Structure formats: C-alpha cells, structure tokens
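*Asks:* Structure below; questions to follow.
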Amino acid sequence: MAKYRKLGRTSSQRKALLRNQVTALLQHGKIVTTEARAKEVRKIVEHLITMAVKEKDNFETVTVSAKVPVKDKDGKRVKEVIDGKKVTKFESVEKEIKKDLPTRSHARRQILRVLYPVVSVPEENAGRKRNTKEVDLVAKLFDEYAPKYVDRKGGYTRIVKIGPRKGDAAMEVILELV
C-alpha cells in the first residue's frame with residue numbers, strides 16, 4: 001500500500017500543489033478542495049502545528065538597543081546639517097525581542113521548508129506593489145495556532161463534505177482548522 005496519494009501529478013507538481021494548499025490553509029483558516037487532496041494536506045498541516053506546539057515557549061527575551069530615525073508629524077525623516085551635508089537624525093531606542101533557542105530555530109526552518117512566502121496586498125491598492133507586506137506564517141503558527149491547540153493531542157483540522165463538483169463529480173470538501 002502506498003504511503004501517500006499521487007493525485008495524478010508528477011512529484012514536483014504534487015509537492016507544489018500541496019505546499020500551496022498548506023500555505024493557503026494556514027493563512028486563511030479553511031480551503032475548498034477535493035477529498036483526496038484534503039487528506040494529504042491534512043497530514044502535512046497536522047505535523048506543522050504539532051511542531052509549533054512543541055516549540056511554543058522555547059525562546060528567551062533579550063533587550064537590545066537600536067538606532068531609529070527621528071520622524072516629523074508627516075512621517076518623514078528629520079534631517080540635520082553636519083559639515084555642510086544633510087544627514088538623517090537618529091535616536092537610540094531599547095527594544096525587547098524574542099530570541100529563538102536552537103530547537104525552536106530548527107523547527108522554524110523545517111516549517112519554512114514547506115510554506116511558501118505570502119505577501120498581503122491592501123484592498124485599496126489591489127494590483128499594485130506599493131504598501132504590500134510580507135506575512136510571517138511561521139510567527140502566526142507559533143503565536144496564534146500553538147497556544148490555541150496546546151491542550152489537543154492532534155486532530156487540528158476538520159474535513160466537511162460539501163458534495164460532488166459539477167465538472168467531474170469529484171467529491172469536494174472544506175478543510176478547516178478546528
């Protein structure tokens with residue numbers, strides 16, 4: 001018996017399809033797909049969430065000082081003249097950051113191997129590159145999903161059948177995070 005479904009695709013196409021659907025599921029919380037694909041995606045997502053739950057609190061907070069440019073009321077950098085040149089004015093700020101311990105860092109890299117990078121585009125600027133932001137799905141896994149599922153021992157997803165697809169009568173399902 002096979003360990004996985006081939007989904008009628010070559011290995012590279014299959015991996016790309018599954019990575020794409022896993023990324024979409026973690027970003028949006030639910031996706032509509034066929035039953036066979038959903039069962040394969042479920043395996044991958046459950047494994048990623050389990051890794052995030054195990055490494056949820058495995059970090060230390062560190063205080064660092066950073067130089068930040070001073071900005072005026074319009075959000076533009078304040079310039080000052082030094083030796084006849086305009087130079088941006090900076091101020092020193094203390095920040096607390098999370099520093100991953102080695103096992104959490106390893107888990108982060110393992111998760112990044114599966115997920116595609118996601119860029120969110122604001123509604124008013126649809127189709128433009130301006131004001132786009134890269135979404136950190138790994139941070140979302142560690143900060144949102146891991147605390148939510150810390151008491152569960154698996155079973156983080158649910159498959160709900162919604163009926164056959166019109167074109168080829170393949171069973172369509174909704175795959176969602178519980």
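Following the order of the structure tokens, chains are lettered A, B, ..., residues in each are numbered from 1, and ligands are numbered from 1.
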Set the distance at 10 Å and use only C-alpha atoms: which residues neighbour range 98-106 of chain A once local chain neighbours fewer than 3 positions away are removed? I'd like the list as a PyMOL selection string.

*Replies:* chain A and resi 51-52+54-63+109-112+142

*Asks:* Give me, as a Markdown table, the closest atom pair and its distance (Å, one decimal) for every residue of range 42-106 of chain A within a cut-off of 12 Å of range 162-175 of chain A, counting only C-alpha atoms, rows sorted by chain and rising number.

*Replies:*
```
| residue | atom | partner | partner_atom | distance |
| --- | --- | --- | --- | --- |
| A:Arg42 | CA | A:Leu175 | CA | 7.9 |
| A:Lys43 | CA | A:Leu175 | CA | 11.7 |
| A:Val45 | CA | A:Leu175 | CA | 10.7 |
```

*Asks:* Restricted to all heavy atoms, what would the selected residues look like written as a PDB file, in the first residue's frame?

*Replies:*
```
ATOM      1  N   ARG A  42      -3.983  17.546   5.057  1.00  0.00           N
ATOM      2  CA  ARG A  42      -4.219  17.381   6.490  1.00  0.00           C
ATOM      3  C   ARG A  42      -2.993  16.796   7.191  1.00  0.00           C
ATOM      4  O   ARG A  42      -2.593  17.258   8.252  1.00  0.00           O
ATOM      5  CB  ARG A  42      -5.428  16.479   6.702  1.00  0.00           C
ATOM      6  CG  ARG A  42      -5.601  16.009   8.121  1.00  0.00           C
ATOM      7  CD  ARG A  42      -6.653  14.948   8.202  1.00  0.00           C
ATOM      8  NE  ARG A  42      -7.842  15.530   8.788  1.00  0.00           N
ATOM      9  CZ  ARG A  42      -8.962  14.878   8.991  1.00  0.00           C
ATOM     10  NH1 ARG A  42      -9.082  13.628   8.596  1.00  0.00           N
ATOM     11  NH2 ARG A  42      -9.985  15.457   9.579  1.00  0.00           N
ATOM     12  N   LYS A  43      -2.369  15.770   6.563  1.00  0.00           N
ATOM     13  CA  LYS A  43      -1.188  15.143   7.165  1.00  0.00           C
ATOM     14  C   LYS A  43      -0.087  16.169   7.399  1.00  0.00           C
ATOM     15  O   LYS A  43       0.547  16.203   8.454  1.00  0.00           O
ATOM     16  CB  LYS A  43      -0.623  14.054   6.244  1.00  0.00           C
ATOM     17  CG  LYS A  43      -1.440  12.821   6.113  1.00  0.00           C
ATOM     18  CD  LYS A  43      -0.724  11.882   5.144  1.00  0.00           C
ATOM     19  CE  LYS A  43      -1.605  10.748   4.707  1.00  0.00           C
ATOM     20  NZ  LYS A  43      -0.944   9.922   3.686  1.00  0.00           N
ATOM     21  N   VAL A  45      -0.286  19.566   7.489  1.00  0.00           N
ATOM     22  CA  VAL A  45      -0.661  20.640   8.411  1.00  0.00           C
ATOM     23  C   VAL A  45      -0.612  20.162   9.856  1.00  0.00           C
ATOM     24  O   VAL A  45      -0.127  20.870  10.743  1.00  0.00           O
ATOM     25  CB  VAL A  45      -2.059  21.192   8.060  1.00  0.00           C
ATOM     26  CG1 VAL A  45      -2.576  22.108   9.138  1.00  0.00           C
ATOM     27  CG2 VAL A  45      -2.010  21.921   6.740  1.00  0.00           C
TER      28      VAL A  45
END
```

*Asks:* What lies within 10 Å of Tyr116 in chain A using only C-alpha atoms, ignoring chain neighbours under 3 positions off, as an MDAnalysis selection string?

*Replies:* chainID A and resid 16 19:24 111:113 119 137

*Asks:* Record the distance separating CA of Lys140 in chain A and CA of Pro117 in chain A, expressed in Å with one decimal.

*Replies:* 12.8 Å

*Asks:* Smallest atom-to-atom distance to Lys71 in chain A: which of A:Lys95, A:Lys39, A:Lys89, A:His28, using only C-alpha atoms?

*Replies:*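 The answer is A:Lys89, which sits nearest to Lys71 in chain A.
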
*Asks:* For Ile44 in chain A, work out the shell of residues within 9 Å, counting only C-alpha atoms and skipping chain neighbours fewer than 3 positions away, then give it as a PDB file with N, CA and C atoms, in the first residue's frame.

*Replies:*
```
ATOM      1  N   LEU A  18       0.624  20.697  -2.945  1.00  0.00           N
ATOM      2  CA  LEU A  18       0.424  20.501  -1.513  1.00  0.00           C
ATOM      3  C   LEU A  18       0.979  21.671  -0.707  1.00  0.00           C
ATOM      4  N   ARG A  19       2.153  22.182  -1.088  1.00  0.00           N
ATOM      5  CA  ARG A  19       2.719  23.339  -0.388  1.00  0.00           C
ATOM      6  C   ARG A  19       1.795  24.543  -0.518  1.00  0.00           C
ATOM      7  N   VAL A  22      -1.301  23.966   1.711  1.00  0.00           N
ATOM      8  CA  VAL A  22      -0.945  24.083   3.128  1.00  0.00           C
ATOM      9  C   VAL A  22      -0.785  25.556   3.494  1.00  0.00           C
ATOM     10  N   GLU A  40      -4.353  14.561   2.094  1.00  0.00           N
ATOM     11  CA  GLU A  40      -2.905  14.714   2.017  1.00  0.00           C
ATOM     12  C   GLU A  40      -2.457  16.007   2.698  1.00  0.00           C
ATOM     13  N   VAL A  41      -3.187  17.086   2.463  1.00  0.00           N
ATOM     14  CA  VAL A  41      -2.851  18.368   3.081  1.00  0.00           C
ATOM     15  C   VAL A  41      -2.977  18.268   4.592  1.00  0.00           C
ATOM     16  N   HIS A  47       1.265  17.918  11.126  1.00  0.00           N
ATOM     17  CA  HIS A  47       2.670  17.798  11.519  1.00  0.00           C
ATOM     18  C   HIS A  47       3.261  19.176  11.836  1.00  0.00           C
ATOM     19  N   LEU A  48       2.962  20.189  11.015  1.00  0.00           N
ATOM     20  CA  LEU A  48       3.489  21.529  11.234  1.00  0.00           C
ATOM     21  C   LEU A  48       2.959  22.124  12.539  1.00  0.00           C
ATOM     22  N   ILE A  49       1.667  21.953  12.788  1.00  0.00           N
ATOM     23  CA  ILE A  49       1.084  22.500  14.016  1.00  0.00           C
ATOM     24  C   ILE A  49       1.650  21.789  15.236  1.00  0.00           C
ATOM     25  N   VAL A 114       8.353  23.987   4.048  1.00  0.00           N
ATOM     26  CA  VAL A 114       7.057  23.591   3.487  1.00  0.00           C
ATOM     27  C   VAL A 114       6.276  24.800   2.980  1.00  0.00           C
TER      28      VAL A 114
END
```

*Asks:* To test your reading of the structure, identify every residue in chain A that backbone DSSP assigns to strand (DSSP E), and report it as a ChimeraX atom specification.

*Replies:* /A:30-34,59-69,79-82,85-88,90-100,118-120,133-135,157-164,171-177
